[in-house]
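Written below as structure tokens is the structure these notes are about.
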Amino acid sequence: MQEKHPAGGYQAAGTWNVSPRTLSRQERRTSFGEVESTLTLAQAVQEANRCLYCYDAPCIQGCPAQIQIPEFIARIRSHNLTGAAEVIYRDNPLGAICGRVCPVEALCQKACTSCRINTPIAIGSLQRFVCDLAIQEGRIAFQDETNVLGKVAVVGGGPAGLSCAHYLRQRGCEVDLFEKEDLAGGLLRWGIPIYRLPEEVAKREIDLITNRVALHRKYLLGTQAEDFLKQYDAIFLGIGLSSPILLRTPGADLPGVYAAASFLRALREKKGGDFAFYGKEIAVVGGGATALDAARSAIRLGASKVTVLYRRTAEEMPAFSSEVEAAFQEGVDFLWLMSPVEITPVDGRLKLILEGIRLGEPDESGRASVIPTGVRTNFLADAVLVAIASQAEPAGVEGWMDRPKVFRGGDLTGGATVVQAVADGKEAALRIISWLEKGGSQ
């Protein structure tokens, strides 16, 4: 007996695994295709049957978007896949995207009661499965109220801005969405490698939102705050952190030293040929998601060796455990407790002078402080990718903050993940709607 997969293909009954097929190390290292494959219907139902449907649903509390997880899983269990997707999209308009990029091991799945028994329910994989299928079959169409509650400017087309625009439209607001690029999406378009988030997946959910608003492309936010305050009943700022912070060390401006965010964007724009990494040794400075995405992408460009240099240890890395594990699986090396203090050119290569670090008492971030030891060593590389931090462009925020009509979300308020940005946008939309319903007062 064979069962037809909804997306095509057949699977022999009784032979499936509960988790998606994992590519081999060599397949992962040489392909920009998606690392994880989607579940089959049989796998999804089998996994849904493991859910305990807890009365207090700790998984919901672990989800920043507050998706009603037991409800959508119960609908999978009864083969109501469209209904399952509707539950997800009720609280997260970027369901398929978040099903791929959410650090579920630190959020919903970490809170799952099944952790105490065996393994957590594969919530992220189940979400991806039903959302993919619903959109592919054209089952998702958002309904917006027709009354015009007010006119709102959403500045920034990243996940926070998209989420805010979506919920404002659903409640009948007229929305102008301003985006500095020629395509909306922000991080979803330019910052996440396609092996984690394929372009077509991002596009289809972004389009479901932008097709319902007035999208203004190539718009640079500047000093026009007063004009916006006169023209709109409310303004949402979700401009993100698009300006990378570079190393402040001698040699940081040498050829071959790149901002990792710019490198990742170039790959998304299909200009990877600009980076001749084949057979080269690459150093990546940083410990967050951008650093690991850059390292894994350099591996895929044929680098013979990629080493992540981080000034703390694995326990303090801001990247999530699944991201670190994926990098390990693909052959990325790590050098802990080292920080570059100088970069110099040597025989066509780059010599990084690294200083050893010891960890001290927690600093203002709550992590162990870094204390230079004075012990230095040399590290040779053919290129350096820097991913230490990003900031908002100053022209994008000056003159806009602390205004009664101005609301913020996403990176500007500390949202560190796509799903948190979605939650921020939704919360801001609800506050804006309440503001408008009260006639523009708190």
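Residues are referred to by chain and number: the chain letter is A, B, ... according to the order shown in the structure tokens, the number counts from 1 in that chain, and ligands are numbered separately from 1 in the order shown.
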
Output as a Markdown table one row per residue of segment 5-115 of chain A within 8 Å of segment 292-303 of chain A: the closest atom pair and its distance in Å to one decimal place, counting only C-alpha atoms, sorted by chain and residue number ascending.
| residue | atom | partner | partner_atom | distance |
| --- | --- | --- | --- | --- |
| A:Arg28 | CA | A:Arg300 | CA | 7.8 |
| A:Arg29 | CA | A:Arg300 | CA | 5.1 |
| A:Thr30 | CA | A:Arg300 | CA | 5.0 |
| A:Ser31 | CA | A:Arg300 | CA | 6.4 |
| A:Phe32 | CA | A:Arg300 | CA | 7.0 |

Any chance you can output those residues with N, CA and C atoms as a PDB file, in the first residue's frame?
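Once everything was written out, this is result25.pdb:
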ATOM      1  N   ARG A  28      24.656  18.790   2.536  1.00  0.00           N
ATOM      2  CA  ARG A  28      24.449  20.096   3.161  1.00  0.00           C
ATOM      3  C   ARG A  28      25.545  21.071   2.760  1.00  0.00           C
ATOM      4  N   ARG A  29      26.781  20.597   2.694  1.00  0.00           N
ATOM      5  CA  ARG A  29      27.922  21.470   2.431  1.00  0.00           C
ATOM      6  C   ARG A  29      27.981  21.969   0.994  1.00  0.00           C
ATOM      7  N   THR A  30      27.314  21.299   0.090  1.00  0.00           N
ATOM      8  CA  THR A  30      27.470  21.634  -1.327  1.00  0.00           C
ATOM      9  C   THR A  30      26.199  22.158  -1.984  1.00  0.00           C
ATOM     10  N   SER A  31      25.114  22.316  -1.211  1.00  0.00           N
ATOM     11  CA  SER A  31      23.853  22.728  -1.818  1.00  0.00           C
ATOM     12  C   SER A  31      23.249  23.909  -1.076  1.00  0.00           C
ATOM     13  N   PHE A  32      22.691  24.833  -1.849  1.00  0.00           N
ATOM     14  CA  PHE A  32      21.934  25.930  -1.254  1.00  0.00           C
ATOM     15  C   PHE A  32      20.445  25.586  -1.161  1.00  0.00           C
TER      16      PHE A  32
END

Query raised in the report: DSSP on the backbone: what in segment 300-435 of chain A comes out strand (DSSP E), as a count of residues only?
Result: 57

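Atom to atom, atom CA of Arg128 of chain A and atom CA of Cys59 of chain A stand 16.3 Å apart.
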
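Shortest atom-to-atom contact with Ile343 of chain A among A:Ile194, A:Ala252, A:Val285, A:Ile388: A:Ala252, counting only C-alpha atoms.
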
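The interatomic distance for the pair atom CA of Ala74 of chain A and atom CA of Ala48 of chain A works out to 6.9 Å.
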
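For the residues A:Asn211, A:Thr38, A:Gln170, A:Asn80, ranking by smallest atom-to-atom distance to Ala429 of chain A using only C-alpha atoms places A:Gln170 first.
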
Requested in this report: Write out as an MDAnalysis selection string all residues of segment 200-415 of chain A that backbone DSSP assigns to helix (DSSP H, G or I).
Outcome: chainID A and resid 200:210 225:231 260:268 272:274 289:300 314:316 321:329 394:396 410:413

Query raised in the report: Which residues, written as number ranges by chain, have at least one atom at most 10 Å from Pro255 of chain A, with only C-alpha atoms counted and residues fewer than 6 positions away on the same chain left out?
Result: A: 345, 349-350, 383-384

Query - Using only C-alpha atoms: which of A:Thr313, A:Thr113, A:Ser339, A:Asn92 has the shortest distance to Leu162 of chain A - result: A:Asn92

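Residues within 6 Å of segment 82-88 of chain A, counting only C-alpha atoms and excluding same-chain residues fewer than 2 positions away, are Ile67, Phe72, Arg75, Asn80, Arg90, Asp91, Asn92, Val130, Cys131 and Ala134 of chain A.
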
Output C-alpha atoms of each residue in that selection to a file, as a PDB file, in the first residue's frame.
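out.pdb was written with the following content:
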ATOM      1  CA  ILE A  67      -0.354  30.496  18.354  1.00  0.00           C
ATOM      2  CA  PHE A  72      -3.846  23.346  15.278  1.00  0.00           C
ATOM      3  CA  ARG A  75      -6.882  19.527  13.545  1.00  0.00           C
ATOM      4  CA  ASN A  80      -8.327  18.961   8.849  1.00  0.00           C
ATOM      5  CA  ARG A  90      -4.906  33.703  12.978  1.00  0.00           C
ATOM      6  CA  ASP A  91      -1.956  34.577  15.224  1.00  0.00           C
ATOM      7  CA  ASN A  92       0.990  34.567  12.832  1.00  0.00           C
ATOM      8  CA  VAL A 130       0.282  22.663   7.087  1.00  0.00           C
ATOM      9  CA  CYS A 131       1.174  26.242   6.105  1.00  0.00           C
ATOM     10  CA  ALA A 134      -2.496  25.578   2.568  1.00  0.00           C
TER      11      ALA A 134
END

Query raised in the report: Any idea what's packed within 10 Å of Val201 of chain A, counting only C-alpha atoms, ignoring anything in its chain fewer than 6 positions away? Could you give it as a PyMOL selection string?
Result: chain A and resi 94+96-97+100+132+135-136+188+194

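Nearest to Glu34 of chain A of all the residues A:Arg196, A:Glu47, A:Ile73, A:Ile123 is A:Arg196, based on only C-alpha atoms.
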
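One finds atom CA of Val175 of chain A at 5.1 Å from atom CA of Val152 of chain A.
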